[in-house]
>>> print(open('protein_11.tsv').read())   # TSV, C-alpha atoms
chain	number	residue	atom	x	y	z
S	1	MET	CA	127.40	-9.08	30.23
S	2	SER	CA	126.29	-5.77	28.75
S	3	ASN	CA	128.71	-2.85	28.97
S	4	HIS	CA	125.89	-0.43	28.36
S	5	VAL	CA	125.28	2.27	30.91
S	6	GLN	CA	121.71	3.09	31.84
S	7	ARG	CA	120.45	6.66	31.52
S	8	SER	CA	119.33	6.50	35.15
S	9	VAL	CA	122.95	5.92	36.21
S	10	VAL	CA	124.20	8.87	34.14
S	11	GLU	CA	121.46	11.10	35.55
S	12	ALA	CA	122.27	10.04	39.10
S	13	PHE	CA	125.96	10.76	38.53
S	14	TYR	CA	125.06	14.24	37.25
S	15	ARG	CA	122.83	14.95	40.21
S	16	ALA	CA	125.71	14.09	42.54
S	17	LEU	CA	128.19	16.11	40.46
S	18	SER	CA	125.98	19.20	40.19
S	19	ILE	CA	125.41	19.52	43.91
S	20	ARG	CA	128.86	18.20	44.84
S	21	ASN	CA	127.43	15.32	46.85
S	22	MET	CA	130.89	13.91	47.51
S	23	ALA	CA	129.72	10.71	49.19
S	24	ALA	CA	127.54	9.82	46.20
S	25	LEU	CA	130.18	10.96	43.71
S	26	SER	CA	132.71	8.62	45.24
S	27	ASP	CA	130.43	5.71	44.37
S	28	TYR	CA	130.31	6.80	40.73
S	29	LEU	CA	134.04	7.15	40.10
S	30	ASP	CA	136.20	4.24	39.05
S	31	ASP	CA	139.31	3.85	41.22
S	32	ASN	CA	141.49	4.54	38.17
S	33	VAL	CA	139.35	7.25	36.60
S	34	HIS	CA	141.02	9.51	34.03
S	35	TRP	CA	139.59	13.05	34.36
S	36	THR	CA	140.54	15.74	31.82
S	37	ILE	CA	139.29	19.30	31.65
S	38	SER	CA	140.57	21.36	28.74
S	39	GLY	CA	141.92	24.82	29.43
S	40	PRO	CA	144.94	26.81	30.70
S	41	VAL	CA	145.78	25.26	34.03
S	42	ASP	CA	147.83	28.30	35.13
S	43	ILE	CA	144.70	30.45	34.96
S	44	LEU	CA	142.00	27.84	35.60
S	45	PRO	CA	143.57	25.49	38.16
S	46	PHE	CA	140.78	22.96	37.82
S	47	CYS	CA	141.89	22.28	34.23
S	48	GLY	CA	144.34	19.58	33.25
S	49	GLN	CA	144.43	15.84	33.54
S	50	ARG	CA	144.08	13.89	36.78
S	51	VAL	CA	144.24	10.14	37.30
S	52	GLY	CA	142.73	8.25	40.23
S	53	LYS	CA	139.63	8.70	42.30
S	54	ALA	CA	141.35	10.38	45.26
S	55	VAL	CA	142.99	13.03	43.09
S	56	VAL	CA	139.78	13.78	41.23
S	57	MET	CA	137.77	13.99	44.43
S	58	GLU	CA	140.30	16.43	45.87
S	59	MET	CA	139.96	18.64	42.81
S	60	LEU	CA	136.18	18.56	42.96
S	61	VAL	CA	136.22	19.51	46.62
S	62	ARG	CA	138.85	22.21	46.45
S	63	ASP	CA	139.88	23.70	43.13
S	64	SER	CA	136.65	24.89	41.56
S	65	PRO	CA	135.09	26.20	44.80
S	66	ALA	CA	138.25	28.24	45.47
S	67	LEU	CA	137.44	30.49	42.49
S	68	LEU	CA	133.69	30.28	42.19
S	69	THR	CA	130.61	30.16	44.38
S	70	GLY	CA	126.99	29.37	43.61
S	71	ARG	CA	128.20	27.02	40.93
S	72	ARG	CA	125.36	25.57	38.88
S	73	PHE	CA	125.50	23.35	35.79
S	74	VAL	CA	122.41	23.32	33.59
S	75	PRO	CA	122.45	20.55	30.96
S	76	SER	CA	120.74	21.27	27.63
S	77	ALA	CA	121.41	17.89	26.02
S	78	MET	CA	122.31	14.45	27.34
S	79	LEU	CA	123.08	11.51	25.07
S	80	VAL	CA	123.63	7.95	26.26
S	81	ASP	CA	125.00	5.42	23.78
S	82	GLY	CA	126.53	2.09	24.78
S	83	ASP	CA	129.02	2.62	27.60
S	84	ARG	CA	129.30	6.35	26.85
S	85	ALA	CA	127.46	9.53	27.73
S	86	ALA	CA	127.81	13.07	26.42
S	87	VAL	CA	126.35	16.16	28.00
S	88	LEU	CA	126.19	19.73	26.75
S	89	GLY	CA	125.37	22.39	29.26
S	90	LYS	CA	126.10	25.77	30.68
S	91	LEU	CA	127.93	26.52	33.87
S	92	THR	CA	126.87	29.58	35.81
S	93	ALA	CA	128.60	30.81	38.93
S	94	THR	CA	129.73	33.88	40.81
S	95	LYS	CA	133.35	34.90	41.16
S	96	ARG	CA	134.36	34.93	44.78
S	97	ASP	CA	136.74	37.89	44.43
S	98	SER	CA	134.38	40.29	42.63
S	99	GLY	CA	130.85	38.94	42.95
S	100	GLN	CA	130.60	39.03	39.15
S	101	ALA	CA	128.37	36.45	37.45
S	102	ILE	CA	129.96	34.23	34.83
S	103	SER	CA	128.48	31.77	32.38
S	104	TYR	CA	130.09	29.52	29.80
S	105	ARG	CA	129.34	26.35	27.84
S	106	ILE	CA	130.79	22.96	28.70
S	107	ALA	CA	130.76	19.71	26.73
S	108	GLN	CA	131.42	16.53	28.71
S	109	PHE	CA	132.16	13.05	27.39
S	110	MET	CA	132.23	10.08	29.72
S	111	ARG	CA	132.94	6.40	29.39
S	112	PHE	CA	131.45	4.14	32.04
S	113	ARG	CA	132.64	0.78	33.29
S	114	ASP	CA	130.44	-1.21	35.68
S	115	ASP	CA	128.29	1.91	36.21
S	116	LYS	CA	131.27	4.02	37.25
S	117	VAL	CA	132.97	6.81	35.33
S	118	ALA	CA	136.25	5.44	33.99
S	119	GLU	CA	137.01	8.35	31.70
S	120	TYR	CA	135.85	11.96	31.65
S	121	VAL	CA	136.80	14.60	29.11
S	122	SER	CA	135.44	18.12	29.38
S	123	ILE	CA	135.79	20.75	26.67
S	124	ILE	CA	135.04	24.30	27.76
S	125	ASP	CA	134.97	27.50	25.72
S	126	SER	CA	138.17	28.32	27.56
S	127	PHE	CA	138.85	31.68	25.89
S	128	ASP	CA	135.47	32.97	26.98
S	129	ALA	CA	135.84	31.40	30.43
S	130	VAL	CA	139.25	33.00	30.98
S	131	GLU	CA	138.07	36.46	29.90
S	132	GLN	CA	135.13	36.24	32.25
S	133	LEU	CA	137.19	34.95	35.16
S	134	LEU	CA	139.90	37.55	34.63
S	135	GLY	CA	137.33	40.29	34.09
S	136	TYR	CA	138.91	41.82	30.97
S	137	SER	CA	139.37	41.13	27.25
S	138	LEU	CA	142.53	39.29	26.27
S	139	ASP	CA	145.02	41.00	23.97
S	140	VAL	CA	145.00	38.98	20.77
S	141	SER	CA	147.22	41.21	18.65
S	142	ASP	CA	150.05	39.21	17.15
S	143	GLY	CA	152.52	42.07	16.72
S	144	ARG	CA	152.81	41.56	12.95
S	145	SER	CA	152.96	44.50	10.57
S	146	PRO	CA	149.55	44.96	8.93
S	147	ALA	CA	151.27	45.48	5.58
S	148	ALA	CA	152.77	42.01	5.79
S	149	GLU	CA	149.34	40.43	6.12
S	150	GLY	CA	148.71	40.93	2.43
S	151	ASN	CA	145.07	41.73	2.86
S	152	LEU	CA	145.33	45.12	4.58
S	153	VAL	CA	146.47	48.33	2.95
S	154	ALA	CA	147.86	51.34	4.82
S	155	VAL	CA	146.70	54.63	3.29
I	1	MET	CA	106.77	8.32	15.05
I	2	THR	CA	109.80	10.05	16.55
I	3	TYR	CA	112.63	10.50	14.09
I	4	GLU	CA	115.90	8.71	14.91
I	5	VAL	CA	118.92	9.42	12.80
I	6	PRO	CA	120.44	6.19	11.45
I	7	ARG	CA	124.01	5.58	12.57
I	8	THR	CA	124.98	4.98	8.91
I	9	VAL	CA	123.86	8.52	8.07
I	10	VAL	CA	125.98	9.91	10.89
I	11	ASP	CA	128.99	7.84	9.76
I	12	ASP	CA	128.55	9.12	6.18
I	13	PHE	CA	128.33	12.71	7.39
I	14	TYR	CA	131.42	12.31	9.54
I	15	LYS	CA	133.43	10.84	6.64
I	16	ALA	CA	132.32	13.64	4.31
I	17	TYR	CA	133.14	16.26	6.94
I	18	ALA	CA	136.56	14.79	7.77
I	19	LYS	CA	137.46	14.68	4.08
I	20	ARG	CA	135.86	18.06	3.36
I	21	ASP	CA	133.81	16.40	0.61
I	22	THR	CA	131.68	19.45	-0.14
I	23	LYS	CA	129.45	17.68	-2.65
I	24	LYS	CA	128.39	15.06	-0.12
I	25	LEU	CA	128.22	17.64	2.66
I	26	GLY	CA	125.93	19.79	0.55
I	27	ALA	CA	123.50	16.88	0.32
I	28	MET	CA	123.61	16.31	4.09
I	29	LEU	CA	123.13	19.85	5.35
I	30	HIS	CA	119.61	21.16	5.84
I	31	ASP	CA	118.81	24.34	3.88
I	32	ASP	CA	118.17	26.15	7.17
I	33	VAL	CA	121.08	24.68	9.11
I	34	VAL	CA	122.37	26.73	12.06
I	35	TRP	CA	126.07	26.11	12.67
I	36	THR	CA	127.70	27.61	15.75
I	37	ILE	CA	131.37	27.45	16.65
I	38	SER	CA	132.39	28.85	20.02
I	39	GLY	CA	135.51	30.97	20.24
I	40	PRO	CA	137.02	34.44	19.68
I	41	VAL	CA	136.11	35.48	16.16
I	42	GLU	CA	138.93	38.07	16.09
I	43	VAL	CA	141.47	35.24	16.27
I	44	LEU	CA	139.48	32.36	14.82
I	45	PRO	CA	137.35	33.95	12.06
I	46	TYR	CA	135.35	30.76	11.58
I	47	CYS	CA	133.80	31.14	15.03
I	48	GLY	CA	130.32	32.53	15.55
I	49	THR	CA	126.88	31.48	14.34
I	50	HIS	CA	126.43	30.71	10.64
I	51	ARG	CA	122.98	30.26	9.16
I	52	SER	CA	121.94	28.45	5.96
I	53	LYS	CA	123.52	25.72	3.91
I	54	ALA	CA	125.27	28.15	1.55
I	55	THR	CA	126.91	30.00	4.44
I	56	VAL	CA	128.09	26.83	6.14
I	57	LEU	CA	129.49	25.42	2.91
I	58	ASP	CA	131.33	28.71	2.33
I	59	LEU	CA	132.73	28.36	5.83
I	60	ILE	CA	134.04	24.90	5.05
I	61	ILE	CA	135.24	25.65	1.47
I	62	ARG	CA	136.68	29.14	1.90
I	63	VAL	CA	136.87	30.55	5.41
I	64	VAL	CA	138.52	27.67	7.29
I	65	PRO	CA	141.00	26.86	4.48
I	66	SER	CA	142.05	30.53	4.47
I	67	ILE	CA	143.38	30.01	7.98
I	68	PHE	CA	144.72	26.50	7.94
I	69	ARG	CA	144.80	23.26	6.00
I	70	VAL	CA	143.19	20.40	7.89
I	71	ILE	CA	145.62	17.49	8.08
I	72	SER	CA	143.55	15.04	10.06
I	73	TYR	CA	140.29	14.77	11.90
I	74	VAL	CA	140.31	11.80	14.26
I	75	SER	CA	137.21	10.57	16.02
I	76	GLU	CA	137.61	9.87	19.76
I	77	ALA	CA	133.93	9.34	20.51
I	78	MET	CA	130.65	9.34	18.57
I	79	LEU	CA	127.31	9.00	20.32
I	80	VAL	CA	123.98	8.71	18.54
I	81	GLU	CA	120.65	8.88	20.35
I	82	GLY	CA	117.36	9.85	18.80
I	83	ASP	CA	117.82	12.74	16.42
I	84	ARG	CA	121.00	13.89	18.18
I	85	VAL	CA	124.70	13.20	17.80
I	86	ALA	CA	127.66	14.07	20.00
I	87	MET	CA	131.17	13.76	18.66
I	88	LEU	CA	134.56	14.32	20.21
I	89	ASN	CA	137.32	14.72	17.63
I	90	ARG	CA	140.92	15.81	17.49
I	91	ARG	CA	141.69	18.16	14.67
I	92	SER	CA	145.23	18.66	13.38
I	93	ALA	CA	145.88	21.41	10.87
I	94	GLN	CA	148.72	23.36	9.34
I	95	SER	CA	148.67	27.15	9.61
I	96	ASN	CA	148.74	29.00	6.29
I	97	VAL	CA	150.69	31.83	7.94
I	98	ASP	CA	153.75	30.06	9.30
I	99	GLY	CA	153.30	26.39	8.45
I	100	LYS	CA	153.06	25.40	12.11
I	101	VAL	CA	150.91	22.41	12.96
I	102	ILE	CA	148.13	23.06	15.45
I	103	SER	CA	146.08	20.44	17.19
I	104	TYR	CA	143.08	20.63	19.48
I	105	ARG	CA	139.99	18.74	20.50
I	106	VAL	CA	136.56	19.71	19.17
I	107	ALA	CA	133.20	18.64	20.57
I	108	ASN	CA	130.23	18.69	18.19
I	109	PHE	CA	126.61	18.43	19.28
I	110	MET	CA	124.32	18.01	16.29
I	111	ARG	CA	120.65	17.58	15.61
I	112	PHE	CA	119.44	15.82	12.49
I	113	CYS	CA	116.14	16.12	10.66
I	114	ASP	CA	115.25	13.89	7.71
I	115	ASP	CA	118.86	12.63	7.59
I	116	LYS	CA	120.28	16.16	7.31
I	117	VAL	CA	122.13	18.26	9.89
I	118	VAL	CA	119.84	21.07	10.97
I	119	GLU	CA	121.83	22.25	13.96
I	120	ASN	CA	125.45	22.03	15.11
I	121	LEU	CA	127.28	23.46	18.09
I	122	SER	CA	131.06	23.08	18.15
I	123	LEU	CA	132.97	23.64	21.36
I	124	LEU	CA	136.75	23.75	21.38
I	125	ASP	CA	139.48	24.58	23.85
I	126	SER	CA	139.40	28.06	22.35
I	127	PHE	CA	142.16	29.49	24.56
I	128	ASP	CA	144.58	26.80	23.43
I	129	ALA	CA	143.43	27.09	19.81
I	130	ALA	CA	143.89	30.89	19.86
I	131	GLU	CA	147.42	30.60	21.28
I	132	GLN	CA	148.35	28.04	18.65
I	133	VAL	CA	146.92	30.10	15.79
I	134	LEU	CA	148.60	33.28	17.07
I	135	GLY	CA	151.84	31.38	17.64
I	136	HIS	CA	152.45	32.85	21.09
I	137	PRO	CA	150.98	32.73	24.60
I	138	LEU	CA	148.20	35.16	25.32
I	139	THR	CA	149.34	38.05	27.48
I	140	LEU	CA	147.79	38.52	30.88
I	141	HIS	CA	148.00	41.75	32.84
I	142	THR	CA	151.02	41.43	35.15
I	143	ARG	CA	149.10	42.97	38.03
I	144	HIS	CA	146.57	40.20	37.76
I	145	VAL	CA	149.12	37.44	37.37
I	146	ALA	CA	150.91	38.59	40.52
I	147	SER	CA	147.69	38.78	42.49
I	148	GLN	CA	146.79	35.16	41.74
I	149	GLY	CA	148.83	34.20	44.75
I	150	ASN	CA	150.60	31.37	43.04
I	151	VAL	CA	152.71	33.37	40.58
I	152	VAL	CA	155.38	35.79	41.66
I	153	ALA	CA	156.81	38.58	39.48
I	154	VAL	CA	160.53	38.99	40.12
>>> encode(input="protein_11.tsv", output="structure tokens")
Amino acid sequence: MSNHVQRSVVEAFYRALSIRNMAALSDYLDDNVHWTISGPVDILPFCGQRVGKAVVMEMLVRDSPALLTGRRFVPSAMLVDGDRAAVLGKLTATKRDSGQAISYRIAQFMRFRDDKVAEYVSIIDSFDAVEQLLGYSLDVSDGRSPAAEGNLVAV
Amino acid sequence: MTYEVPRTVVDDFYKAYAKRDTKKLGAMLHDDVVWTISGPVEVLPYCGTHRSKATVLDLIIRVVPSIFRVISYVSEAMLVEGDRVAMLNRRSAQSNVDGKVISYRVANFMRFCDDKVVENLSLLDSFDAAEQVLGHPLTLHTRHVASQGNVVAV
């Protein structure tokens, strides 16, 4: 029996995910799905790892919509190979607290089993996402003396 | 006939990239390659968009090694379809500043043309990578942290 996932299945999963069709999404998640979104969970509560369909569904229903509205994911590339799929896209949304528009890239890697997502890993440009969600630039100074760097001279 | 990159070519590129074999990489990068790495360039100087084979090779030979020494580059997923490749890897490296080991996942989306990489976009958990490179958590404004509703300043 082939373990390959069909592109039509991946596309249908994405349609359900993009519009948060929870009934359809439930059909596409394995009961023991592992769902990981990279990023600082204390700032972006939808980040982190979750295991199990119920937990993932709860996150999809609650955590992202709490921060953002008008959420839209626009894929720019979708690859399907064997039992895996990879999607590169851009998420655009509006911050609920300020009405400010945000946009950042997301890479998603999925492994399917019997046409259901068994594993999902999402890599986001989390530094950019955090700055946009917070609404200010992060302080990246490291407190070291410039003279100690070796490549800066104080005159 | 639509070009499809052979999986053997992708495997060879990955091995050369993981080992930083610049001679082999030079043969597998298109002259007009566009190589983009997402992230804050003020913390991770290798981030940004780099154009041309010479610039990308300089990035790999000089810029990245000036920040850290790559210890390992482990493949977690590699997909090949048509002229495109998607890779998910875990990079471990040792900082040149304080010797600390940093580790983060990197996603690469590549396009090949005539068995050479003509386009690459790398996405990484840039917040985590920045904190590891800096060696300390990034500071948030306390007024904002307190207003999150789930953090209390005492």
>>> atom_distance(input="protein_11.tsv", atom1="CA of Gly82 (chain I)", atom2="CA of Arg20 (chain I)")
25.5 Å
>>> closest_atom_pairs(input="protein_11.tsv", of="chain S", to="chain I", cutoff="7 Å", atoms="only C-alpha atoms", output="tab-separated table")
residue	atom	partner	partner_atom	distance
S:Ser38	CA	I:Asp125	CA	6.0
S:Gly39	CA	I:Asp125	CA	6.1
S:Leu79	CA	I:Glu81	CA	5.9
S:Val80	CA	I:Glu81	CA	6.7
S:Asp81	CA	I:Leu79	CA	5.5
S:Ala86	CA	I:Ala86	CA	6.5
S:Ala107	CA	I:Ala107	CA	6.7
S:Ile123	CA	I:Asp125	CA	6.0
S:Ile124	CA	I:Asp125	CA	5.9
S:Asp125	CA	I:Ser126	CA	5.6
S:Ser126	CA	I:Phe127	CA	5.1
S:Phe127	CA	I:Phe127	CA	4.2
S:Asp139	CA	I:Thr139	CA	6.3
S:Val140	CA	I:Leu138	CA	6.7
S:Asp142	CA	I:Leu134	CA	6.1
>>> residues_around(input="protein_11.tsv", residues="region 21-35 of chain I", least_positions_apart="4", cutoff="6 Å", atoms="all atoms listed in the file", output="PyMOL selection string")
chain I and resi 16+49-53+116-120
>>> residues_around(input="protein_11.tsv", residues="Val121 (chain S)", least_positions_apart="3", cutoff="8 Å", atoms="all atoms listed in the file", output="list in words")
Trp35, Thr36, Ile37, Ser38, Gln108, Phe109 and Met110 of chain S
>>> closest_residue(input="protein_11.tsv", among="I:Ile67, I:Val56, I:Gln94, I:Arg111", to="Leu44 (chain I)", atoms="only C-alpha atoms")
I:Ile67
>>> decode(input="protein_11.tsv", residues="region 66-108 of chain I", atoms="C-alpha atoms", output="mmCIF file, in the first residue's frame")
data_model
loop_
_atom_site.group_PDB
_atom_site.id
_atom_site.type_symbol
_atom_site.label_atom_id
_atom_site.label_comp_id
_atom_site.auth_asym_id
_atom_site.auth_seq_id
_atom_site.Cartn_x
_atom_site.Cartn_y
_atom_site.Cartn_z
ATOM 1 C CA SER I 66 33.339 34.751 11.303
ATOM 2 C CA ILE I 67 30.340 34.264 13.571
ATOM 3 C CA PHE I 68 30.362 30.589 14.341
ATOM 4 C CA ARG I 69 31.848 27.251 13.364
ATOM 5 C CA VAL I 70 29.253 24.833 12.036
ATOM 6 C CA ILE I 71 29.450 21.585 13.981
ATOM 7 C CA SER I 72 26.678 19.652 12.305
ATOM 8 C CA TYR I 73 23.942 20.052 9.775
ATOM 9 C CA VAL I 74 21.371 17.295 10.106
ATOM 10 C CA SER I 75 18.641 16.718 7.565
ATOM 11 C CA GLU I 76 15.136 16.224 8.993
ATOM 12 C CA ALA I 77 13.275 16.369 5.686
ATOM 13 C CA MET I 78 14.152 16.772 2.006
ATOM 14 C CA LEU I 79 11.481 17.117 -0.647
ATOM 15 C CA VAL I 80 12.148 17.261 -4.375
ATOM 16 C CA GLU I 81 9.474 18.113 -6.922
ATOM 17 C CA GLY I 82 10.095 19.503 -10.371
ATOM 18 C CA ASP I 83 12.824 22.105 -10.271
ATOM 19 C CA ARG I 84 12.227 22.833 -6.572
ATOM 20 C CA VAL I 85 13.582 21.510 -3.307
ATOM 21 C CA ALA I 86 12.471 22.023 0.276
ATOM 22 C CA MET I 87 14.739 21.044 3.131
ATOM 23 C CA LEU I 88 14.329 21.133 6.869
ATOM 24 C CA ASN I 89 17.626 20.898 8.733
ATOM 25 C CA ARG I 90 18.945 21.354 12.226
ATOM 26 C CA ARG I 91 22.126 23.351 12.408
ATOM 27 C CA SER I 92 24.439 23.168 15.409
ATOM 28 C CA ALA I 93 27.331 25.583 15.628
ATOM 29 C CA GLN I 94 29.845 26.929 18.103
ATOM 30 C CA SER I 95 30.012 30.685 18.662
ATOM 31 C CA ASN I 96 33.397 32.265 17.955
ATOM 32 C CA VAL I 97 32.738 34.829 20.691
ATOM 33 C CA ASP I 98 32.135 32.678 23.747
ATOM 34 C CA GLY I 99 32.384 29.089 22.551
ATOM 35 C CA LYS I 100 28.727 28.401 23.315
ATOM 36 C CA VAL I 101 26.943 25.878 21.148
ATOM 37 C CA ILE I 102 23.842 27.149 19.384
ATOM 38 C CA SER I 103 21.287 25.032 17.629
ATOM 39 C CA TYR I 104 18.254 25.878 15.535
ATOM 40 C CA ARG I 105 16.156 24.599 12.684
ATOM 41 C CA VAL I 106 16.522 26.036 9.185
ATOM 42 C CA ALA I 107 14.087 25.642 6.304
ATOM 43 C CA ASN I 108 15.476 26.019 2.774
#
